[in-house]
$ cat coords.txt   # compact mmCIF, C-alpha atoms and all ligand atoms
# COMPACT_ATOMS: atom_id res chain seq x y z
CA MET T 1 0.00 0.00 0.00
CA LYS T 2 1.21 3.51 -0.81
CA LEU T 3 -0.04 6.32 1.45
CA LEU T 4 -0.15 10.08 1.01
CA VAL T 5 0.17 11.41 4.56
CA THR T 6 -0.52 15.14 4.92
CA GLY T 7 0.97 17.01 7.87
CA GLY T 8 3.50 14.23 8.47
CA ALA T 9 6.13 16.61 9.90
CA GLY T 10 3.81 17.65 12.75
CA PHE T 11 3.21 15.96 16.08
CA ILE T 12 0.70 13.18 15.32
CA GLY T 13 1.52 12.94 11.60
CA SER T 14 5.22 12.23 12.24
CA ASN T 15 4.37 9.64 14.89
CA PHE T 16 2.01 8.03 12.36
CA VAL T 17 4.65 7.96 9.60
CA HIS T 18 7.15 6.24 11.95
CA TYR T 19 4.45 3.84 13.15
CA ILE T 20 3.26 2.83 9.67
CA LEU T 21 6.75 2.31 8.22
CA LYS T 22 7.71 0.16 11.24
CA THR T 23 4.48 -1.85 11.29
CA TYR T 24 4.25 -2.56 7.54
CA PRO T 25 7.68 -3.29 6.01
CA ASP T 26 6.28 -3.15 2.46
CA TYR T 27 4.30 0.11 2.74
CA GLU T 28 5.48 3.39 1.24
CA VAL T 29 4.69 6.92 2.39
CA ILE T 30 4.65 10.20 0.52
CA ASN T 31 4.71 12.84 3.25
CA LEU T 32 3.26 16.20 2.18
CA ASP T 33 3.84 19.03 4.65
CA ALA T 34 4.09 22.80 4.24
CA LEU T 35 6.49 23.08 7.21
CA THR T 36 4.56 25.79 9.00
CA TYR T 37 5.82 26.76 12.46
CA ALA T 38 4.46 23.38 13.67
CA GLY T 39 6.16 21.24 11.04
CA ASN T 40 9.63 20.05 11.96
CA LEU T 41 11.90 17.87 9.83
CA GLU T 42 13.79 16.86 12.95
CA ASN T 43 10.73 14.71 13.74
CA LEU T 44 11.62 12.66 10.64
CA LYS T 45 15.43 12.62 11.02
CA GLU T 46 15.56 8.83 11.52
CA LEU T 47 13.96 8.39 8.09
CA GLU T 48 16.66 10.21 6.11
CA GLY T 49 17.71 7.85 3.32
CA ASN T 50 14.74 5.49 3.84
CA PRO T 51 13.58 4.60 0.29
CA ARG T 52 10.01 3.99 1.54
CA HIS T 53 9.60 7.59 2.72
CA ARG T 54 9.46 10.57 0.36
CA PHE T 55 9.10 14.03 1.86
CA VAL T 56 7.45 16.71 -0.27
CA LYS T 57 7.43 20.27 1.03
CA GLY T 58 4.14 21.68 -0.18
CA ASP T 59 0.78 23.12 0.67
CA ILE T 60 -2.45 21.09 0.72
CA CYS T 61 -4.15 24.13 -0.86
CA ASP T 62 -1.94 23.73 -3.97
CA ALA T 63 -4.38 21.91 -6.29
CA ASP T 64 -1.83 21.07 -9.01
CA LEU T 65 0.54 19.48 -6.50
CA VAL T 66 -2.08 17.45 -4.64
CA ASP T 67 -3.72 16.32 -7.93
CA LYS T 68 -0.34 14.93 -9.01
CA LEU T 69 0.43 13.22 -5.68
CA ALA T 70 -3.07 11.75 -5.32
CA LYS T 71 -2.59 9.82 -8.57
CA GLU T 72 0.44 8.03 -7.09
CA VAL T 73 -1.19 6.53 -3.97
CA ASP T 74 -3.87 4.13 -2.68
CA ILE T 75 -5.00 6.20 0.30
CA ILE T 76 -4.76 9.73 1.69
CA VAL T 77 -4.42 9.98 5.48
CA HIS T 78 -5.08 13.63 6.20
CA PHE T 79 -3.52 15.18 9.32
CA ALA T 80 -2.41 18.59 7.99
CA ALA T 81 -4.13 21.38 9.90
CA GLU T 82 -3.70 24.44 12.00
CA SER T 83 -4.21 22.76 15.36
CA HIS T 84 -3.78 25.19 18.26
CA VAL T 85 -6.93 26.70 19.80
CA ASP T 86 -5.11 29.72 21.30
CA ARG T 87 -3.70 30.70 17.88
CA SER T 88 -7.19 30.42 16.35
CA ILE T 89 -8.43 32.92 18.94
CA LEU T 90 -5.70 35.41 17.96
CA ASP T 91 -6.06 34.97 14.18
CA SER T 92 -8.26 32.39 12.49
CA ALA T 93 -7.55 33.06 8.79
CA ALA T 94 -4.96 30.28 8.42
CA PHE T 95 -7.38 27.88 10.14
CA VAL T 96 -10.10 28.47 7.57
CA ARG T 97 -7.59 28.31 4.72
CA THR T 98 -5.82 25.07 5.68
CA ASN T 99 -8.53 23.21 7.56
CA VAL T 100 -11.45 24.01 5.24
CA ILE T 101 -9.99 24.98 1.85
CA GLY T 102 -7.04 22.59 2.17
CA THR T 103 -9.34 19.66 2.98
CA HIS T 104 -11.58 20.61 0.07
CA THR T 105 -8.56 20.71 -2.27
CA LEU T 106 -7.55 17.21 -1.17
CA LEU T 107 -11.09 15.87 -1.56
CA GLU T 108 -11.23 17.23 -5.12
CA ALA T 109 -7.88 15.59 -5.87
CA ALA T 110 -9.12 12.28 -4.44
CA LYS T 111 -12.30 12.49 -6.52
CA LYS T 112 -10.34 13.20 -9.72
CA ALA T 113 -7.85 10.38 -9.00
CA GLY T 114 -10.85 8.02 -8.80
CA ASN T 115 -11.92 5.71 -6.00
CA LEU T 116 -9.10 6.82 -3.72
CA ARG T 117 -9.52 5.96 -0.01
CA PHE T 118 -9.54 9.07 2.18
CA HIS T 119 -9.11 9.02 5.94
CA HIS T 120 -9.75 12.32 7.69
CA VAL T 121 -8.17 12.88 11.10
CA SER T 122 -10.44 15.06 13.20
CA THR T 123 -11.05 16.07 16.77
CA ASP T 124 -13.55 15.66 19.60
CA GLU T 125 -13.70 19.48 19.85
CA VAL T 126 -16.25 19.58 16.99
CA PHE T 127 -18.86 18.34 19.51
CA GLY T 128 -18.53 21.39 21.80
CA SER T 129 -18.30 21.35 25.55
CA LEU T 130 -19.80 18.99 28.18
CA GLY T 131 -21.13 19.68 31.66
CA PRO T 132 -19.85 17.51 34.53
CA GLN T 133 -22.83 15.12 34.40
CA ASP T 134 -23.26 14.94 30.59
CA ALA T 135 -22.76 11.66 28.74
CA PRO T 136 -19.48 11.55 26.78
CA PHE T 137 -19.39 12.49 23.08
CA SER T 138 -20.11 9.71 20.60
CA GLU T 139 -20.63 9.40 16.84
CA VAL T 140 -24.25 10.57 17.21
CA THR T 141 -23.52 13.72 19.22
CA PRO T 142 -24.65 16.82 17.28
CA TYR T 143 -21.88 19.16 16.15
CA ASP T 144 -21.48 22.31 18.30
CA PRO T 145 -17.99 23.75 17.72
CA ARG T 146 -17.16 26.79 19.86
CA SER T 147 -13.68 27.99 18.83
CA PRO T 148 -12.51 29.10 15.37
CA TYR T 149 -10.26 26.00 15.39
CA SER T 150 -13.05 23.53 16.13
CA ALA T 151 -15.43 25.34 13.74
CA SER T 152 -12.90 24.96 10.92
CA LYS T 153 -12.42 21.26 11.76
CA ALA T 154 -16.21 20.80 11.84
CA GLY T 155 -16.38 22.39 8.39
CA SER T 156 -13.79 19.93 7.12
CA ASP T 157 -15.68 16.94 8.61
CA HIS T 158 -18.89 18.06 6.86
CA LEU T 159 -17.06 18.38 3.54
CA VAL T 160 -15.60 14.88 3.88
CA ARG T 161 -19.05 13.42 4.59
CA ALA T 162 -20.55 15.40 1.70
CA TYR T 163 -18.00 13.89 -0.71
CA PHE T 164 -19.02 10.42 0.49
CA HIS T 165 -22.75 11.04 0.03
CA THR T 166 -22.53 13.12 -3.15
CA HIS T 167 -19.57 11.60 -4.98
CA ASN T 168 -19.30 8.13 -3.39
CA LEU T 169 -15.76 8.95 -2.29
CA PRO T 170 -14.62 6.09 0.00
CA VAL T 171 -13.99 8.05 3.19
CA THR T 172 -13.63 7.38 6.91
CA ILE T 173 -13.34 9.94 9.72
CA SER T 174 -11.90 9.70 13.23
CA ASN T 175 -12.69 12.20 16.00
CA CYS T 176 -10.05 11.82 18.67
CA SER T 177 -9.45 13.29 22.10
CA ASN T 178 -6.28 15.08 23.32
CA ASN T 179 -3.04 13.33 22.34
CA TYR T 180 0.32 13.51 24.11
CA GLY T 181 3.72 11.88 23.58
CA PRO T 182 6.98 12.32 21.62
CA TYR T 183 7.32 15.31 19.24
CA HIS T 184 4.42 17.15 20.92
CA PHE T 185 4.91 20.83 20.07
CA PRO T 186 5.71 22.75 23.29
CA GLU T 187 2.90 25.30 22.92
CA LYS T 188 0.37 22.64 24.04
CA LEU T 189 -0.35 21.99 27.74
CA ILE T 190 1.62 18.79 28.49
CA PRO T 191 4.88 19.59 26.63
CA LEU T 192 4.67 23.22 27.81
CA VAL T 193 4.45 22.13 31.45
CA ILE T 194 7.34 19.66 31.12
CA THR T 195 9.67 21.98 29.22
CA ASN T 196 8.87 25.09 31.30
CA LEU T 197 9.76 23.19 34.47
CA MET T 198 12.97 21.90 32.89
CA GLU T 199 13.85 25.51 32.01
CA GLY T 200 12.98 26.78 35.49
CA LYS T 201 9.88 28.66 34.31
CA LYS T 202 6.42 28.79 35.88
CA ILE T 203 3.42 26.91 34.50
CA PRO T 204 0.55 29.08 33.18
CA VAL T 205 -2.76 27.48 34.21
CA TYR T 206 -5.78 29.07 32.53
CA GLY T 207 -8.67 30.11 34.82
CA ASP T 208 -9.32 27.72 37.70
CA GLY T 209 -7.58 24.77 36.00
CA LEU T 210 -10.68 22.60 36.45
CA GLN T 211 -11.35 22.04 32.74
CA VAL T 212 -11.39 18.37 31.80
CA ARG T 213 -9.71 16.70 28.82
CA ASP T 214 -9.52 13.00 27.88
CA TRP T 215 -5.85 12.14 27.19
CA LEU T 216 -4.72 9.44 24.77
CA HIS T 217 -1.10 8.50 24.07
CA VAL T 218 -0.23 9.30 20.44
CA GLU T 219 0.87 5.70 19.77
CA ASP T 220 -2.66 4.54 20.62
CA HIS T 221 -4.11 7.16 18.26
CA CYS T 222 -1.82 5.85 15.48
CA ARG T 223 -3.02 2.29 16.16
CA ALA T 224 -6.64 3.47 16.02
CA ILE T 225 -6.11 5.10 12.60
CA ASP T 226 -4.30 1.96 11.39
CA THR T 227 -7.33 -0.09 12.53
CA ILE T 228 -9.79 2.22 10.76
CA ILE T 229 -7.92 2.36 7.45
CA HIS T 230 -7.65 -1.44 7.37
CA LYS T 231 -10.91 -2.58 8.97
CA GLY T 232 -13.22 0.45 9.08
CA THR T 233 -16.47 0.68 7.13
CA ILE T 234 -16.52 3.21 4.30
CA GLY T 235 -18.62 6.29 5.08
CA GLU T 236 -18.36 5.78 8.85
CA THR T 237 -17.04 7.97 11.64
CA TYR T 238 -15.22 6.56 14.66
CA CYS T 239 -14.72 8.36 17.97
CA VAL T 240 -11.37 7.59 19.59
CA GLY T 241 -10.62 8.23 23.26
CA GLY T 242 -8.36 7.17 26.07
CA ASN T 243 -10.59 6.62 29.11
CA GLY T 244 -8.27 9.25 30.56
CA GLU T 245 -10.43 12.14 31.79
CA LYS T 246 -8.36 14.49 33.93
CA THR T 247 -8.60 18.12 35.02
CA ASN T 248 -5.79 20.37 33.83
CA ILE T 249 -4.66 20.89 37.41
CA GLU T 250 -4.42 17.10 37.92
CA ILE T 251 -2.19 16.91 34.82
CA VAL T 252 0.00 19.72 36.10
CA LYS T 253 0.32 18.16 39.57
CA THR T 254 1.20 14.75 38.09
CA ILE T 255 4.03 16.30 36.07
CA LEU T 256 5.20 18.36 39.06
CA GLY T 257 5.39 15.07 41.00
CA LEU T 258 7.35 13.30 38.25
CA LEU T 259 9.84 16.19 38.15
CA CYS T 260 9.99 16.43 41.98
CA ARG T 261 8.69 20.02 42.11
CA ASP T 262 6.18 21.62 44.46
CA GLU T 263 3.05 23.61 43.63
CA SER T 264 4.77 26.99 43.87
CA TRP T 265 5.61 26.52 40.16
CA ILE T 266 1.93 26.95 39.26
CA GLU T 267 0.80 30.38 38.07
CA TYR T 268 -2.94 30.89 37.57
CA VAL T 269 -3.43 33.21 34.58
CA GLU T 270 -6.36 34.73 32.67
CA ASP T 271 -8.71 32.12 31.22
CA ARG T 272 -8.83 31.17 27.50
CA LYS T 273 -11.70 32.98 25.71
CA GLY T 274 -14.69 30.65 25.25
CA HIS T 275 -12.79 27.90 27.11
CA ASP T 276 -14.52 24.53 26.64
CA LYS T 277 -15.16 23.03 30.07
CA ARG T 278 -15.04 19.30 29.45
CA TYR T 279 -14.37 16.78 26.67
CA ALA T 280 -14.99 13.04 27.09
CA ILE T 281 -15.34 10.28 24.53
CA ASN T 282 -17.44 7.13 24.34
CA PHE T 283 -15.39 4.91 22.03
CA ASP T 284 -17.63 1.81 22.14
CA LYS T 285 -18.10 1.80 18.36
CA ILE T 286 -14.41 1.37 17.43
CA LYS T 287 -14.00 -1.03 20.37
CA ASN T 288 -16.98 -3.27 19.58
CA GLU T 289 -16.91 -3.12 15.77
CA LEU T 290 -13.15 -2.98 15.06
CA GLY T 291 -11.61 -4.36 18.27
CA PHE T 292 -9.56 -1.24 19.10
CA GLU T 293 -8.71 -0.38 22.69
CA PRO T 294 -5.98 1.92 24.01
CA GLN T 295 -2.98 -0.02 25.34
CA ILE T 296 -1.15 2.72 27.24
CA THR T 297 -2.61 3.98 30.52
CA PHE T 298 -2.20 7.67 31.33
CA GLU T 299 0.13 6.81 34.23
CA GLN T 300 2.45 4.79 31.93
CA GLY T 301 2.19 7.27 29.07
CA ILE T 302 2.95 10.40 31.06
CA GLU T 303 6.01 8.81 32.67
CA LYS T 304 7.31 7.75 29.24
CA THR T 305 6.59 11.22 27.86
CA VAL T 306 8.43 13.07 30.64
CA ALA T 307 11.38 10.69 30.09
CA TRP T 308 11.26 11.39 26.32
CA PHE T 309 11.45 15.15 26.86
CA GLN T 310 14.33 14.63 29.31
CA ALA T 311 16.19 12.49 26.77
CA ASN T 312 15.50 14.87 23.87
CA GLU T 313 16.34 18.28 25.29
CA SER T 314 17.94 19.52 22.08
CA TRP T 315 14.72 18.73 20.14
CA TRP T 316 12.52 21.03 22.22
CA LYS T 317 15.23 23.60 22.98
CA ASN T 318 15.69 24.09 19.21
CA ILE T 319 11.96 24.72 18.91
CA LYS T 320 11.79 27.12 21.81
CA SER T 321 14.80 29.06 20.49
CA GLY T 322 13.57 28.97 16.89
CA ASP T 323 16.60 26.98 15.65
CA TYR T 324 14.49 24.22 14.17
CA GLU T 325 13.33 26.71 11.53
CA LYS T 326 16.95 27.28 10.50
CA TYR T 327 17.32 23.48 10.22
CA TYR T 328 14.60 23.15 7.62
CA GLN T 329 15.48 26.35 5.79
CA LYS T 330 18.91 24.78 5.21
CA GLN T 331 17.43 21.47 4.03
CA TYR T 332 14.59 22.80 1.88
CA LYS T 333 15.43 26.27 0.68
CA LYS T 334 12.31 28.40 0.93
P1 LIG D 401 0.45 19.90 14.42
O1 LIG D 401 0.08 21.34 14.47
O2 LIG D 401 1.51 19.39 15.33
O3 LIG D 401 0.90 19.52 12.94
C1 LIG D 401 0.23 19.98 11.80
C2 LIG D 401 1.13 19.73 10.59
O4 LIG D 401 0.42 20.17 9.42
C3 LIG D 401 2.45 20.52 10.64
O5 LIG D 401 3.53 19.68 10.28
C4 LIG D 401 2.25 21.61 9.60
O6 LIG D 401 3.45 22.02 8.96
C5 LIG D 401 1.30 20.93 8.62
N1 LIG D 401 0.51 21.90 7.86
C6 LIG D 401 -0.19 22.97 8.33
N2 LIG D 401 -0.77 23.64 7.32
C7 LIG D 401 -0.46 22.97 6.18
C8 LIG D 401 -0.78 23.16 4.80
N3 LIG D 401 -1.53 24.20 4.39
N4 LIG D 401 -0.30 22.27 3.91
C9 LIG D 401 0.47 21.23 4.31
N5 LIG D 401 0.82 21.00 5.59
C10 LIG D 401 0.36 21.86 6.51
O7 LIG D 401 -0.92 19.12 14.61
P2 LIG D 401 -1.20 17.74 15.39
O8 LIG D 401 -1.43 18.02 16.81
O9 LIG D 401 -0.20 16.74 14.97
O10 LIG D 401 -2.63 17.38 14.75
C11 LIG D 401 -2.71 16.64 13.53
C12 LIG D 401 -4.17 16.45 13.17
O11 LIG D 401 -4.84 15.74 14.20
C13 LIG D 401 -4.94 17.76 13.00
O12 LIG D 401 -5.82 17.61 11.91
C14 LIG D 401 -5.70 17.92 14.31
O13 LIG D 401 -6.90 18.64 14.11
C15 LIG D 401 -5.96 16.47 14.66
N6 LIG D 401 -6.11 16.16 16.10
C16 LIG D 401 -5.15 16.58 16.98
C17 LIG D 401 -5.26 16.21 18.32
C18 LIG D 401 -4.21 16.61 19.34
O14 LIG D 401 -4.40 16.38 20.53
N7 LIG D 401 -3.08 17.19 18.94
C19 LIG D 401 -6.35 15.45 18.76
C20 LIG D 401 -7.33 15.07 17.82
C21 LIG D 401 -7.18 15.43 16.48
O1 LIG D 402 -9.35 17.53 22.06
C1 LIG D 402 -8.49 17.42 20.97
C2 LIG D 402 -7.73 18.72 20.79
O2 LIG D 402 -6.76 18.78 21.83
C3 LIG D 402 -7.07 18.85 19.43
O3 LIG D 402 -8.05 18.88 18.43
C4 LIG D 402 -6.21 20.13 19.36
O4 LIG D 402 -5.51 20.17 18.12
C5 LIG D 402 -5.20 20.08 20.50
O5 LIG D 402 -4.43 21.26 20.51
C6 LIG D 402 -5.92 19.90 21.84
O6 LIG D 402 -6.69 21.11 22.16
P1 LIG D 402 -6.77 21.70 23.66
O7 LIG D 402 -7.12 23.13 23.58
O8 LIG D 402 -7.56 20.80 24.53
O9 LIG D 402 -5.21 21.50 24.06
P2 LIG D 402 -4.15 22.46 24.80
O10 LIG D 402 -2.94 21.62 25.08
O11 LIG D 402 -3.98 23.74 24.10
O12 LIG D 402 -4.88 22.76 26.17
C7 LIG D 402 -5.29 21.71 27.05
C8 LIG D 402 -5.99 22.35 28.23
O13 LIG D 402 -5.01 23.06 29.01
C9 LIG D 402 -7.04 23.36 27.85
O14 LIG D 402 -8.10 23.27 28.78
C10 LIG D 402 -6.33 24.71 27.99
C11 LIG D 402 -5.35 24.45 29.13
N1 LIG D 402 -4.07 25.20 29.06
C12 LIG D 402 -3.37 25.17 27.90
C13 LIG D 402 -2.19 25.85 27.76
C14 LIG D 402 -1.41 25.85 26.46
C15 LIG D 402 -3.60 25.89 30.17
O15 LIG D 402 -4.23 25.88 31.25
N2 LIG D 402 -2.42 26.54 30.06
C16 LIG D 402 -1.68 26.58 28.90
O16 LIG D 402 -0.61 27.24 28.86

$ encode --input "coords.txt" --output "structure tokens" --more "lines below"
Ligand code: NAD
Ligand code: DAU
Amino acid sequence: MKLLVTGGAGFIGSNFVHYILKTYPDYEVINLDALTYAGNLENLKELEGNPRHRFVKGDICDADLVDKLAKEVDIIVHFAAESHVDRSILDSAAFVRTNVIGTHTLLEAAKKAGNLRFHHVSTDEVFGSLGPQDAPFSEVTPYDPRSPYSASKAGSDHLVRAYFHTHNLPVTISNCSNNYGPYHFPEKLIPLVITNLMEGKKIPVYGDGLQVRDWLHVEDHCRAIDTIIHKGTIGETYCVGGNGEKTNIEIVKTILGLLCRDESWIEYVEDRKGHDKRYAINFDKIKNELGFEPQITFEQGIEKTVAWFQANESWWKNIKSGDYEKYYQKQYKK
């Protein structure tokens, strides 16, 4: 099988590319990534010289490029996106461009290539925000996105479904909860907490810190996508979660404990605008129909993740200092 992976230099996409090439020794990957601030070729360093991995620096909104690449593959696995809620609050234009127009450009390319499988990687944030007693999100929860990021992802999900119903495009969608693990960009909560503490900086906790997220180790998310692309039913959506509901303050305290620090490192700051209170996922469908269950508990995963950031200081220090941008400018002249 030959895959076109979009966004494969980002956090989850790069983990997926490593996972797929390790798991299937005969599979090939074309990795299309625009190398925005979130794309980092250092995430793919181990693959330099691997004949089964071809990196293409390019934009998913470039119709000529994606038309050409779509003709070379059996499936598109679409990760590329603007992914950070806080950035979407400051300026949402890139979110609409990449997440909506970029997805549309890829769907058109898939349609023209003919009968091309399309897996769309989406988020639980499209379902909105839960109260403490509400049932978790599932595949039948109505869409209710509340940030420019989640609204743009919701738009992309609707387009993917429309191409299935209107054009018979063989699509699947996954809506996953919060991931964490290696190569997690240090603007997001877990890597920010770990790296700030390692640098001797305080941890900014938004509002009261009592918002709830369901955390899934990125390796488990990669296994879920693998399961869906091989065993999923065309036209279906699968919710993916980790059974790992935690408040933000619990996450922070767990990491403080692992790094032997006290609570004086916490700094409560102004809340995120429109901050979603709680996400939780009922993943019975993928469990019962496709046999997927997460294998890494939060306790195991967070310990491994802290150890990864300790062992890979130069990776995140390059990002925080901006050096990683110089690395890719040298490799792929802009
Ligand atoms: P990320 O921000 O780490 O990576 C995104 C990648 O997409 C980067 O490499 C970037 O360079 C690339 N990209 C951005 N715009 C592009 C464009 N126009 N053309 C080509 N490439 C472009 O994101 P992530 O956290 O790895 O998320 C990947 C996907 O998974 C996203 O679609 C996101 O919505 C979804 N998702 C993320 C999470 C999470 O917890 N991080 C959870 C559920 C779903
Ligand atoms: O639920 C899936 C989503 O998870 C993905 O679709 C998004 O791409 C991904 O970024 C993530 O979104 P969140 O907004 O939940 O993740 P983030 O790490 O930005 O924040 C997690 C929680 O921590 C959230 O309640 C906000 C809070 N937070 C975050 C940061 C960066 C803080 O309290 N302080 C911080 O400095």

$ residues_around --input "coords.txt" --residues "His275 in chain T" --least-positions-apart "2" --cutoff "10 Å" --atoms "only C-alpha atoms" --output "number ranges by chain"
T: 85-86, 129, 146-147, 206-207, 211, 271-273, 277-278

$ write_last_selection --input "coords.txt" --atoms "C-alpha atoms" --output "short mmCIF file (atom, residue, chain, number, x, y, z; two decimals), in the coordinates of the input"
data_model
loop_
_atom_site.label_atom_id
_atom_site.label_comp_id
_atom_site.auth_asym_id
_atom_site.auth_seq_id
_atom_site.Cartn_x
_atom_site.Cartn_y
_atom_site.Cartn_z
CA VAL T 85 -6.93 26.70 19.80
CA ASP T 86 -5.11 29.72 21.30
CA SER T 129 -18.30 21.35 25.55
CA ARG T 146 -17.16 26.79 19.86
CA SER T 147 -13.68 27.99 18.83
CA TYR T 206 -5.78 29.07 32.53
CA GLY T 207 -8.67 30.11 34.82
CA GLN T 211 -11.35 22.04 32.74
CA ASP T 271 -8.71 32.12 31.22
CA ARG T 272 -8.83 31.17 27.50
CA LYS T 273 -11.70 32.98 25.71
CA LYS T 277 -15.16 23.03 30.07
CA ARG T 278 -15.04 19.30 29.45
#

$ axis_aligned_box --input "coords.txt" --around "range 169-179 of chain T" --padding-each-side "4 Å" --output "lines of an AutoDock Vina configuration file"
center_x = -9.4
center_y = 10.6
center_z = 10.5
size_x = 20.7
size_y = 17.0
size_z = 33.6

$ closest_residue --input "coords.txt" --among "T:Asn282, T:Thr172, T:Thr103, T:Thr123" --to "ligand LIG 401 (chain D)" --atoms "all atoms listed in the file"
T:Thr123

$ closest_atom_pairs --input "coords.txt" --of "range 117-219 of chain T" --to "range 39-53 of chain T" --cutoff "10 Å" --atoms "all atoms listed in the file" --output "tab-separated table"
residue	atom	partner	partner_atom	distance
T:Pro182	CA	T:Asn43	CA	9.0
T:Tyr183	CA	T:Asn43	CA	6.5
T:His184	CA	T:Asn43	CA	9.9
T:Phe185	CA	T:Gly39	CA	9.1

$ closest_residue --input "coords.txt" --among "T:Lys231, T:Gly102, T:Leu3, T:Val96" --to "Ala34 in chain T" --atoms "all atoms listed in the file"
T:Gly102

$ decode --input "coords.txt" --residues "range 250-262 of chain T" --atoms "C-alpha atoms" --output "PDB file, in the first residue's frame"
ATOM      1  CA  GLU T 250      -4.421  17.102  37.919  1.00  0.00           C
ATOM      2  CA  ILE T 251      -2.191  16.914  34.816  1.00  0.00           C
ATOM      3  CA  VAL T 252       0.002  19.723  36.104  1.00  0.00           C
ATOM      4  CA  LYS T 253       0.322  18.160  39.572  1.00  0.00           C
ATOM      5  CA  THR T 254       1.195  14.747  38.089  1.00  0.00           C
ATOM      6  CA  ILE T 255       4.031  16.305  36.067  1.00  0.00           C
ATOM      7  CA  LEU T 256       5.205  18.359  39.060  1.00  0.00           C
ATOM      8  CA  GLY T 257       5.393  15.072  41.001  1.00  0.00           C
ATOM      9  CA  LEU T 258       7.353  13.296  38.252  1.00  0.00           C
ATOM     10  CA  LEU T 259       9.839  16.192  38.145  1.00  0.00           C
ATOM     11  CA  CYS T 260       9.990  16.435  41.981  1.00  0.00           C
ATOM     12  CA  ARG T 261       8.685  20.016  42.112  1.00  0.00           C
ATOM     13  CA  ASP T 262       6.182  21.625  44.459  1.00  0.00           C
TER      14      ASP T 262
END
